[in-house]
file model00.cif (mmCIF, C-alpha atoms)
data_my_file
#
loop_
_atom_site.label_atom_id
_atom_site.label_comp_id
_atom_site.auth_asym_id
_atom_site.auth_seq_id
_atom_site.Cartn_x
_atom_site.Cartn_y
_atom_site.Cartn_z
CA MET G 1325 189.95 117.98 140.02
CA LYS G 1326 193.60 118.85 140.61
CA GLU G 1327 192.70 120.67 143.83
CA MET G 1328 191.54 117.30 145.23
CA TYR G 1329 195.14 116.07 145.12
CA PRO G 1330 198.03 116.98 147.46
CA LYS G 1331 200.51 119.59 146.26
CA ASN G 1332 203.56 117.70 147.52
CA GLY G 1333 202.51 114.18 148.53
CA ARG G 1334 201.32 111.12 146.61
CA VAL G 1335 197.96 109.40 146.20
CA ILE G 1336 198.33 105.62 146.30
CA LEU G 1337 195.66 102.98 145.79
CA HIS G 1338 195.90 99.36 146.88
CA VAL G 1339 193.50 97.18 144.90
CA ASP G 1340 192.86 93.81 146.53
CA MET G 1341 190.60 91.21 144.91
CA ASN G 1342 188.12 89.56 147.32
CA SER G 1343 188.36 85.75 147.68
CA PHE G 1344 189.97 85.82 144.28
CA TYR G 1345 190.07 82.14 143.26
CA ALA G 1346 186.59 81.49 144.58
CA SER G 1347 185.25 84.67 142.95
CA VAL G 1348 186.74 83.67 139.59
CA GLU G 1349 185.05 80.27 139.82
CA MET G 1350 181.74 82.02 140.53
CA ALA G 1351 182.25 84.32 137.55
CA TYR G 1352 182.88 81.26 135.39
CA ASP G 1353 179.93 79.32 136.83
CA PRO G 1354 177.27 81.72 138.21
CA SER G 1355 175.35 78.79 139.75
CA LEU G 1356 178.03 78.80 142.49
CA LYS G 1357 177.14 82.32 143.64
CA GLY G 1358 175.73 82.58 147.13
CA LYS G 1359 176.96 79.09 148.05
CA PRO G 1360 179.77 78.03 150.38
CA LEU G 1361 182.69 77.38 148.03
CA ALA G 1362 186.29 76.45 148.72
CA ILE G 1363 189.31 76.00 146.48
CA ALA G 1364 191.57 73.22 147.74
CA GLY G 1365 194.38 70.99 146.60
CA ASN G 1366 194.01 67.20 146.75
CA VAL G 1367 190.22 67.37 146.81
CA GLU G 1368 189.99 63.57 146.88
CA GLU G 1369 192.21 63.36 149.95
CA ARG G 1370 191.22 64.27 153.48
CA ARG G 1371 194.56 65.98 154.04
CA GLY G 1372 193.90 68.57 151.31
CA ILE G 1373 194.30 72.20 152.38
CA ILE G 1374 191.89 75.10 151.75
CA VAL G 1375 193.57 77.64 149.44
CA THR G 1376 190.74 80.17 149.64
CA CYS G 1377 186.99 80.17 150.23
CA SER G 1378 183.94 82.30 149.58
CA TYR G 1379 182.48 84.62 152.19
CA GLU G 1380 179.50 82.25 152.47
CA ALA G 1381 181.92 79.50 153.55
CA ARG G 1382 183.64 81.80 156.01
CA LYS G 1383 180.36 82.27 157.87
CA PHE G 1384 180.67 78.61 158.90
CA GLY G 1385 184.21 79.14 160.20
CA VAL G 1386 186.01 77.83 157.10
CA LYS G 1387 189.41 79.51 156.73
CA THR G 1388 192.41 79.55 154.41
CA THR G 1389 195.02 76.83 155.20
CA MET G 1390 192.42 74.81 157.11
CA PRO G 1391 192.52 71.03 156.42
CA LEU G 1392 189.76 69.97 154.06
CA TRP G 1393 188.35 67.40 156.52
CA GLU G 1394 187.94 70.10 159.16
CA ALA G 1395 186.25 72.48 156.72
CA LYS G 1396 183.80 69.75 155.67
CA LYS G 1397 183.03 69.09 159.32
CA LEU G 1398 182.20 72.77 159.89
CA CYS G 1399 180.26 73.07 156.63
CA PRO G 1400 178.98 69.72 155.29
CA GLN G 1401 177.44 71.41 152.24
CA LEU G 1402 180.79 72.97 151.25
CA ILE G 1403 181.45 72.84 147.48
CA VAL G 1404 185.12 72.13 146.78
CA LYS G 1405 186.93 72.89 143.53
CA THR G 1406 190.52 72.21 142.51
CA PRO G 1407 192.57 75.29 141.50
CA ASN G 1408 192.51 76.29 137.83
CA PHE G 1409 195.45 78.62 137.39
CA ASP G 1410 194.89 79.29 133.70
CA ARG G 1411 191.53 80.70 134.67
CA TYR G 1412 193.01 82.81 137.49
CA ARG G 1413 195.82 84.16 135.32
CA ALA G 1414 193.28 85.24 132.70
CA ALA G 1415 191.24 87.07 135.34
CA SER G 1416 194.38 88.69 136.78
CA LYS G 1417 195.42 89.91 133.36
CA GLY G 1418 191.99 91.45 132.87
CA MET G 1419 192.11 93.16 136.25
CA PHE G 1420 195.56 94.71 135.70
CA SER G 1421 194.52 95.76 132.21
CA ILE G 1422 191.77 97.87 133.75
CA LEU G 1423 194.13 99.40 136.34
CA ARG G 1424 196.58 100.48 133.65
CA THR G 1425 193.93 102.55 131.90
CA TYR G 1426 194.19 105.04 134.79
CA THR G 1427 197.98 105.22 135.19
CA ALA G 1428 201.16 103.57 133.93
CA LEU G 1429 202.34 103.39 137.56
CA VAL G 1430 200.83 100.02 138.46
CA GLU G 1431 202.82 97.59 140.62
CA PRO G 1432 201.51 94.02 140.78
CA VAL G 1433 202.16 92.49 144.19
CA SER G 1434 200.64 89.10 143.43
CA ILE G 1435 198.12 87.58 141.05
CA ASP G 1436 195.23 89.32 142.85
CA GLU G 1437 196.53 92.61 144.25
CA GLY G 1438 198.51 95.65 143.22
CA TYR G 1439 199.41 99.25 143.97
CA MET G 1440 198.63 102.29 141.81
CA ASP G 1441 200.09 105.78 141.98
CA ILE G 1442 197.29 108.06 140.75
CA THR G 1443 198.87 111.37 141.78
CA GLU G 1444 198.88 112.57 138.16
CA SER G 1445 195.57 110.93 137.19
CA PHE G 1446 193.34 113.83 138.20
CA GLU G 1447 191.78 113.99 134.72
CA PHE G 1448 189.84 110.84 135.72
CA GLY G 1449 188.32 112.55 138.76
CA SER G 1450 188.99 112.72 142.49
CA PRO G 1451 190.77 109.78 144.20
CA ILE G 1452 187.48 108.42 145.56
CA GLU G 1453 185.85 108.73 142.13
CA ILE G 1454 188.74 106.83 140.54
CA ALA G 1455 188.48 104.08 143.16
CA GLU G 1456 184.72 103.81 142.62
CA SER G 1457 185.21 103.69 138.86
CA ILE G 1458 187.85 100.92 139.14
CA GLN G 1459 185.71 98.86 141.49
CA LYS G 1460 182.67 99.24 139.26
CA ARG G 1461 184.51 98.35 136.06
CA ILE G 1462 186.18 95.25 137.54
CA TYR G 1463 182.80 94.10 138.82
CA GLU G 1464 180.87 94.84 135.65
CA GLN G 1465 183.48 93.66 133.12
CA LEU G 1466 184.94 90.70 135.00
CA ASP G 1467 182.16 89.94 137.51
CA LEU G 1468 184.75 90.08 140.31
CA PRO G 1469 184.62 92.02 143.61
CA CYS G 1470 187.55 94.00 144.99
CA SER G 1471 188.39 96.27 147.91
CA ILE G 1472 190.45 99.43 147.52
CA GLY G 1473 192.51 101.44 149.98
CA ILE G 1474 193.32 105.12 149.34
CA ALA G 1475 196.25 106.66 151.20
CA PRO G 1476 199.39 108.81 150.88
CA ASN G 1477 201.70 105.76 150.79
CA LYS G 1478 201.77 102.02 150.09
CA PHE G 1479 201.66 100.83 153.70
CA LEU G 1480 198.60 102.88 154.61
CA ALA G 1481 196.88 101.96 151.34
CA LYS G 1482 197.39 98.26 152.08
CA MET G 1483 196.06 98.65 155.62
CA ALA G 1484 193.06 100.58 154.29
CA SER G 1485 192.10 97.96 151.68
CA ASP G 1486 191.89 95.30 154.41
CA MET G 1487 189.40 97.29 156.47
CA LYS G 1488 186.25 96.78 154.39
CA LYS G 1489 185.67 93.49 152.57
CA PRO G 1490 184.11 92.63 150.23
CA LEU G 1491 183.60 95.59 147.88
CA GLY G 1492 184.89 98.22 150.29
CA ILE G 1493 186.64 101.52 149.65
CA THR G 1494 188.54 103.06 152.57
CA ILE G 1495 190.46 106.33 152.82
CA LEU G 1496 193.25 106.35 155.41
CA ARG G 1497 195.02 109.65 156.03
CA LYS G 1498 197.99 110.22 158.31
CA ARG G 1499 195.79 112.18 160.71
CA ASP G 1500 193.60 109.07 161.07
CA ILE G 1501 196.44 106.88 162.32
CA PRO G 1502 196.09 107.49 166.11
CA ASN G 1503 192.37 106.71 166.11
CA VAL G 1504 192.20 104.04 163.40
CA LEU G 1505 195.50 102.12 163.43
CA TRP G 1506 197.05 102.51 166.85
CA PRO G 1507 194.32 100.65 168.79
CA LEU G 1508 194.79 97.53 166.61
CA HIS G 1509 196.83 94.55 167.80
CA SER G 1510 200.35 94.52 166.35
CA GLY G 1511 199.59 91.23 164.61
CA GLU G 1512 196.99 93.01 162.45
CA MET G 1513 199.65 95.26 160.99
CA HIS G 1514 200.85 94.55 157.45
CA GLY G 1515 204.41 93.25 157.69
CA VAL G 1516 204.02 91.81 161.21
CA GLY G 1517 203.58 88.06 161.25
CA LYS G 1518 202.65 85.82 164.14
CA LYS G 1519 206.24 85.22 165.25
CA THR G 1520 207.16 88.91 165.05
CA ALA G 1521 204.06 89.82 167.07
CA GLU G 1522 205.13 87.32 169.74
CA LYS G 1523 208.60 88.86 169.85
CA LEU G 1524 207.14 92.33 170.22
CA THR G 1525 205.14 91.28 173.28
CA SER G 1526 208.45 90.56 175.02
CA LEU G 1527 209.06 94.32 174.90
CA GLY G 1528 205.55 95.10 176.13
CA ILE G 1529 204.40 96.00 172.63
CA TYR G 1530 200.85 94.77 172.10
CA THR G 1531 199.26 97.33 169.77
CA ILE G 1532 200.35 99.27 166.70
CA GLY G 1533 200.29 102.35 168.92
CA ASP G 1534 202.77 100.70 171.29
CA LEU G 1535 205.00 99.96 168.31
CA ALA G 1536 204.78 103.56 167.10
CA LYS G 1537 206.13 104.78 170.45
CA ALA G 1538 208.62 101.95 171.10
CA ASN G 1539 212.30 102.39 171.90
CA GLU G 1540 214.33 102.17 168.68
CA VAL G 1541 217.40 100.67 170.33
CA GLN G 1542 215.31 97.82 171.75
CA LEU G 1543 213.51 97.28 168.44
CA LYS G 1544 216.77 97.11 166.50
CA ALA G 1545 218.27 94.68 169.00
CA LEU G 1546 215.18 92.47 168.70
CA LEU G 1547 214.39 92.66 164.97
CA GLY G 1548 217.35 94.37 163.33
CA ILE G 1549 216.74 97.09 160.76
CA ASN G 1550 213.24 95.71 160.22
CA GLY G 1551 212.32 96.85 163.73
CA ILE G 1552 213.08 100.46 162.81
CA ARG G 1553 211.14 100.07 159.57
CA LEU G 1554 208.11 98.71 161.40
CA LYS G 1555 208.13 101.64 163.80
CA GLU G 1556 208.22 104.05 160.86
CA ARG G 1557 205.26 102.27 159.27
CA ALA G 1558 203.34 102.34 162.57
CA ASN G 1559 203.77 106.12 162.46
CA GLY G 1560 202.52 106.22 158.86
CA THR G 1561 205.90 106.70 157.17
CA ASP G 1562 206.63 104.72 154.01
CA HIS G 1563 208.86 106.16 151.28
CA ARG G 1564 208.57 103.25 148.81
CA SER G 1565 207.47 104.28 145.34
CA VAL G 1566 205.06 102.35 143.14
CA ASP G 1567 207.39 100.43 140.83
CA PRO G 1568 205.86 98.76 137.75
CA GLU G 1569 209.04 96.72 137.29
CA SER G 1570 209.30 95.20 140.74
CA ILE G 1571 207.76 91.74 140.25
CA GLU G 1572 208.76 88.70 138.23
CA GLU G 1573 205.53 86.73 138.14
CA PHE G 1574 203.93 88.82 135.41
CA LYS G 1575 205.42 87.63 132.18
CA SER G 1576 205.86 90.83 130.23
CA ILE G 1577 209.02 92.77 129.51
CA GLY G 1578 209.08 96.39 128.48
CA ASN G 1579 210.78 99.74 128.54
CA SER G 1580 209.52 103.31 128.31
CA THR G 1581 211.04 106.76 128.37
CA THR G 1582 209.77 110.26 129.05
CA LEU G 1583 211.14 112.53 126.35
CA PRO G 1584 213.05 115.67 127.44
CA ARG G 1585 210.59 117.76 125.39
CA ASP G 1586 207.41 117.31 123.37
CA VAL G 1587 208.32 115.69 120.04
CA SER G 1588 206.26 115.65 116.86
CA ASN G 1589 209.02 114.75 114.38
CA GLN G 1590 208.45 111.20 113.14
CA GLN G 1591 212.13 110.55 112.49
CA GLU G 1592 213.03 111.50 116.07
CA LEU G 1593 210.26 109.28 117.43
CA ASN G 1594 211.50 106.38 115.30
CA HIS G 1595 214.98 106.81 116.78
CA VAL G 1596 213.45 106.59 120.27
CA LEU G 1597 211.59 103.41 119.28
CA ASP G 1598 214.86 101.92 117.97
CA SER G 1599 216.51 102.58 121.33
CA LEU G 1600 213.57 101.14 123.29
CA ALA G 1601 213.47 98.08 121.02
CA GLU G 1602 217.14 97.41 121.69
CA THR G 1603 216.60 97.50 125.46
CA VAL G 1604 213.54 95.24 125.27
CA SER G 1605 215.46 92.82 123.03
CA VAL G 1606 218.35 92.59 125.50
CA ARG G 1607 215.96 91.91 128.37
CA LEU G 1608 214.08 89.24 126.41
CA LYS G 1609 217.35 87.50 125.59
CA ARG G 1610 218.54 87.65 129.16
CA LYS G 1611 215.31 85.99 130.24
CA ASN G 1612 215.59 83.47 127.40
CA VAL G 1613 212.07 84.26 126.18
CA LEU G 1614 210.36 85.51 123.04
CA ALA G 1615 207.38 87.87 122.80
CA SER G 1616 204.22 86.78 121.03
CA THR G 1617 202.66 90.24 121.30
CA ILE G 1618 204.24 93.69 120.98
CA GLY G 1619 202.60 96.75 122.50
CA VAL G 1620 203.34 100.45 122.13
CA THR G 1621 202.43 103.15 124.67
CA ILE G 1622 202.06 106.75 123.46
CA ARG G 1623 201.52 109.60 125.89
CA TYR G 1624 200.80 113.04 124.47
CA LYS G 1625 201.79 116.38 125.97
CA ASP G 1626 198.29 116.75 127.49
CA ARG G 1627 198.87 113.38 129.30
CA ARG G 1628 196.42 111.45 127.14
CA THR G 1629 197.80 107.93 126.96
CA ILE G 1630 197.02 105.17 124.50
CA THR G 1631 198.33 101.60 124.39
CA ARG G 1632 198.03 99.53 121.25
CA SER G 1633 199.29 96.00 120.65
CA LYS G 1634 199.67 93.45 117.87
CA LYS G 1635 199.52 89.67 118.22
CA LEU G 1636 202.31 88.12 116.15
CA GLU G 1637 202.19 85.01 113.99
CA ASN G 1638 205.71 84.09 115.11
CA PRO G 1639 207.23 85.08 118.50
CA ILE G 1640 210.18 87.48 118.25
CA GLN G 1641 213.21 88.55 120.25
CA HIS G 1642 215.51 90.61 118.00
CA LYS G 1643 215.59 94.40 118.17
CA GLU G 1644 215.03 94.90 114.43
CA GLU G 1645 211.81 92.85 114.51
CA ILE G 1646 210.59 94.56 117.68
CA ALA G 1647 211.34 98.02 116.27
CA ALA G 1648 209.58 97.21 112.99
CA ILE G 1649 206.36 96.14 114.75
CA ALA G 1650 206.53 99.14 117.12
CA LYS G 1651 206.90 101.54 114.19
CA GLN G 1652 203.95 99.94 112.41
CA LEU G 1653 201.80 100.44 115.49
CA MET G 1654 203.09 103.99 115.92
CA GLN G 1655 202.35 104.90 112.30
CA LYS G 1656 198.86 103.44 112.52
CA HIS G 1657 197.75 104.93 115.84
CA TRP G 1658 199.75 108.16 116.31
CA ASN G 1659 197.53 111.15 115.55
CA GLY G 1660 200.43 113.53 114.87
CA ASP G 1661 200.18 115.46 118.14
CA PRO G 1662 203.39 116.11 120.15
CA VAL G 1663 204.50 113.07 122.14
CA ARG G 1664 205.94 113.18 125.67
CA LEU G 1665 206.41 109.46 126.46
CA LEU G 1666 206.98 106.34 124.40
CA GLY G 1667 207.09 102.72 125.54
CA ILE G 1668 207.47 99.28 124.01
CA THR G 1669 206.33 96.10 125.76
CA GLY G 1670 206.67 92.47 124.81
CA PHE G 1671 204.13 90.16 126.43
CA ASP G 1672 202.52 86.75 126.00
CA LEU G 1673 206.06 85.50 126.48
CA LEU G 1674 207.26 82.03 125.48
CA ASP G 1675 210.27 80.18 126.80
CA HIS G 1676 212.94 80.01 124.09
CA GLY G 1677 212.91 76.21 124.21
CA LEU G 1678 209.14 76.07 123.71
CA ALA G 1679 208.80 78.76 121.04
CA TYR G 1680 208.05 77.57 117.55
CA LYS G 1681 207.95 79.04 114.09
CA GLN G 1682 205.05 78.84 111.72
CA LEU G 1683 207.22 78.67 108.61
CA ASP G 1684 206.24 80.57 105.50
CA LEU G 1685 207.71 80.42 101.99
CA PHE G 1686 210.31 83.06 102.83
CA SER G 1687 211.68 81.49 106.01
CA TYR G 1688 211.39 77.82 105.06
CA GLU G 1689 214.57 77.60 102.96
CA LYS G 1690 216.69 79.39 105.60
CA ASP G 1691 215.36 77.15 108.38
CA ALA G 1692 215.80 74.02 106.30
CA LYS G 1693 219.51 74.77 105.90
CA LYS G 1694 219.83 74.85 109.70
CA GLU G 1695 218.10 71.49 110.17
CA PRO G 1696 221.25 69.27 110.31
CA LEU G 1697 222.78 71.59 112.94
CA LEU G 1698 219.56 71.67 114.95
CA LYS G 1699 219.38 67.88 114.97
CA THR G 1700 222.94 67.68 116.28
CA VAL G 1701 222.22 70.26 118.99
CA SER G 1702 219.03 68.39 119.93
CA PHE G 1703 220.96 65.12 120.24
CA LEU G 1704 223.63 66.71 122.47
CA ARG G 1705 221.00 68.32 124.71
CA GLU G 1706 219.12 65.04 125.09
CA LYS G 1707 222.32 63.22 126.04
CA PHE G 1708 224.05 65.81 128.22
CA GLY G 1709 221.26 68.18 129.30
CA LYS G 1710 219.46 71.13 127.74
CA ASN G 1711 222.06 73.68 128.93
CA ILE G 1712 225.06 71.95 127.32
CA ILE G 1713 224.84 74.34 124.34
CA GLU G 1714 223.45 77.85 124.47
CA THR G 1715 223.33 80.71 122.00
CA ALA G 1716 224.86 84.03 122.96
CA GLY G 1717 221.43 85.49 123.71
CA GLU G 1718 220.36 82.67 126.02
CA HIS G 1719 222.49 83.53 129.05
CA SER G 1720 220.22 84.69 131.88
CA VAL G 1721 221.89 87.33 134.05
CA ASP G 1722 219.03 89.63 134.86
CA GLN G 1723 217.00 88.73 137.95
CA SER G 1724 214.03 91.03 137.49
CA ASP G 1725 211.30 91.18 134.85
CA ASP G 1726 209.77 94.35 133.53
CA VAL G 1727 206.04 94.63 133.77
CA GLY G 1728 204.25 95.93 130.72
CA THR G 1729 200.71 96.62 129.79
CA ALA G 1730 198.02 94.12 128.92
CA THR G 1731 195.21 94.05 126.42
CA SER G 1732 191.64 94.74 127.50
CA PHE G 1733 189.14 92.12 128.66
CA ASN G 1734 185.38 91.98 128.98
CA LYS G 1735 183.02 90.03 131.21
CA ASP G 1736 183.23 86.97 128.93
CA PHE G 1737 187.00 86.72 129.36
CA LEU G 1738 186.82 83.23 130.88
CA ARG G 1739 184.75 81.77 128.12
CA LYS G 1740 187.05 83.19 125.47
CA LEU G 1741 189.93 81.04 126.65
CA PRO G 1742 190.69 78.02 124.47
CA LYS G 1743 188.71 75.09 125.83
CA ASN G 1744 191.72 73.19 127.16
CA GLU G 1745 192.72 76.24 129.22
CA TYR G 1746 189.59 76.39 131.31
CA GLU G 1747 188.68 72.76 131.76
CA GLU G 1748 189.53 71.25 135.11
CA LYS G 1749 192.83 69.40 135.03
#
call {"tool": "encode", "arguments": {"input": "model00.cif", "output": "structure tokens"}}
result
Amino acid sequence: MKEMYPKNGRVILHVDMNSFYASVEMAYDPSLKGKPLAIAGNVEERRGIIVTCSYEARKFGVKTTMPLWEAKKLCPQLIVKTPNFDRYRAASKGMFSILRTYTALVEPVSIDEGYMDITESFEFGSPIEIAESIQKRIYEQLDLPCSIGIAPNKFLAKMASDMKKPLGITILRKRDIPNVLWPLHSGEMHGVGKKTAEKLTSLGIYTIGDLAKANEVQLKALLGINGIRLKERANGTDHRSVDPESIEEFKSIGNSTTLPRDVSNQQELNHVLDSLAETVSVRLKRKNVLASTIGVTIRYKDRRTITRSKKLENPIQHKEEIAAIAKQLMQKHWNGDPVRLLGITGFDLLDHGLAYKQLDLFSYEKDAKKEPLLKTVSFLREKFGKNIIETAGEHSVDQSDDVGTATSFNKDFLRKLPKNEYEEK
């Protein structure tokens, strides 16, 4: 399948879930399928706003951000649900878990969309076969529809995924730009909002094609450096890489390294795990969080990749504890073949202030000795604020989280949540 991939360029997918919140509610309650459904805040109040709606509701003219009273007027039979973010986070985790089985280069953009760089994923088939496989698995395992764009860069992949909804797959090549993109109104271009589109009309720029041919001096005077960037995108140029560590919303922190050579010596691999554990520990401490689950990623010289994780009884943060769990996982799941990449990820993160210990016989005595000090610290925090006293590891200086891998889900993922996580608030 390698001949189906470019020799020099990249192959980028943009996976975009269709009517995500509404689709998750339908997966949870199949009786809602085929009915006009909207997710809205303040359901009891007329001034509530539509967050998202099903395609059945859209046929009546119901739209996102529309006032609830107006939506009800257009569609009297509209079913309205309040958002359930525990449910949506669970579905999102399941979706990204599936994406990461094809490549480690997955960049979440929001709870319901992300980019994938599959340039080196040819063992899974051609780009279109990978997209079809992803779409099928998300639908079969999670009962959720998605659209996928396939292109040589992130901008074109995003534009492509918007072209066929729901359950569409669109390939957009650079040679397609003049016929497919340029006739569109500039406001339909990703990165061009309503106000920017209005500004562009002042220069006689109405379509993406007009923007592609616009005068750079005028664009820079009107929009600054963003004007030049938009012109580049209109011509299909986008040099941004898919960065798994670019978003903060996904609460997992990890680090991985590609080894300079294939390594099969266990002692060498343990040294690498020690180094990775130290980095993950520092990042956890900077974020003032502890990891409830530790995962290890092993990639062999033939590019086979496995990810294994262990749910912990007590959340951890220190490098020695992280390294110990990582080595346990490595010893259990490494088949002895030469390794090219190793990674450690901490996920299911807990805020340091909310983390708790399930004390056992070995830790009870040590913790009991700290009790008088902890009571004093608690009193001072209650009186003067929680930040009056901090440990050395609690100072947050890092502004970006690292995105790690997630465990796998199946189609019953919603019903496997603890009851209080999926009941309506």
call {"tool": "atom_distance", "arguments": {"input": "model00.cif", "atom1": "atom CA of G:Ile1403", "atom2": "atom CA of G:Gln1459"}}
result
27.0 Å
call {"tool": "closest_residue", "arguments": {"input": "model00.cif", "among": "G:Ala1455, G:Ala1364, G:Leu1554, G:Leu1666", "to": "G:Glu1592", "atoms": "all atoms listed in the file"}}
result
G:Leu1666
call {"tool": "closest_residue", "arguments": {"input": "model00.cif", "among": "G:Ser1616, G:Ser1580, G:Thr1443, G:Asn1659", "to": "G:Glu1602", "atoms": "only C-alpha atoms"}}
result
G:Ser1580
call {"tool": "atom_distance", "arguments": {"input": "model00.cif", "atom1": "atom CA of G:Glu1556", "atom2": "atom CA of G:Pro1502"}}
result
13.7 Å
call {"tool": "closest_residue", "arguments": {"input": "model00.cif", "among": "G:Ala1536, G:Ala1346, G:Ile1474, G:Met1654", "to": "G:Ala1558", "atoms": "only C-alpha atoms"}}
result
G:Ala1536
call {"tool": "atom_distance", "arguments": {"input": "model00.cif", "atom1": "atom CA of G:Leu1527", "atom2": "atom CA of G:Ala1545"}}
result
10.9 Å
call {"tool": "resolve_selection", "arguments": {"input": "model00.cif", "expression": "the PyMOL selection byres ((chain G and resi 1335) around 10)", "output": "ChimeraX atom specification"}}
result
/G:1329-1330,1333-1334,1336-1337,1440-1445,1451,1474-1478,1481
call {"tool": "resolve_selection", "arguments": {"input": "model00.cif", "expression": "the PyMOL selection byres ((chain G and resi 1348) around 8)", "output": "compact mmCIF listing (two decimals) with C-alpha atoms, in the coordinates of the input"}}
result
# COMPACT_ATOMS: atom_id res chain seq x y z
CA PHE G 1344 189.97 85.82 144.28
CA TYR G 1345 190.07 82.14 143.26
CA ALA G 1346 186.59 81.49 144.58
CA SER G 1347 185.25 84.67 142.95
CA GLU G 1349 185.05 80.27 139.82
CA MET G 1350 181.74 82.02 140.53
CA ALA G 1351 182.25 84.32 137.55
CA TYR G 1352 182.88 81.26 135.39
CA ARG G 1411 191.53 80.70 134.67
CA TYR G 1412 193.01 82.81 137.49
CA ALA G 1415 191.24 87.07 135.34
CA LEU G 1468 184.75 90.08 140.31
call {"tool": "resolve_selection", "arguments": {"input": "model00.cif", "expression": "the PyMOL selection byres ((chain G and resi 1486) around 10)", "output": "VMD selection string"}}
result
chain G and resid 1338 to 1340 1342 1471 to 1473 1481 to 1485 1487 to 1490 1492 to 1494 1512 1514
call {"tool": "closest_residue", "arguments": {"input": "model00.cif", "among": "G:Ile1577, G:Ile1649, G:Val1596, G:Leu1356", "to": "G:Phe1671", "atoms": "all atoms listed in the file"}}
result
G:Ile1577
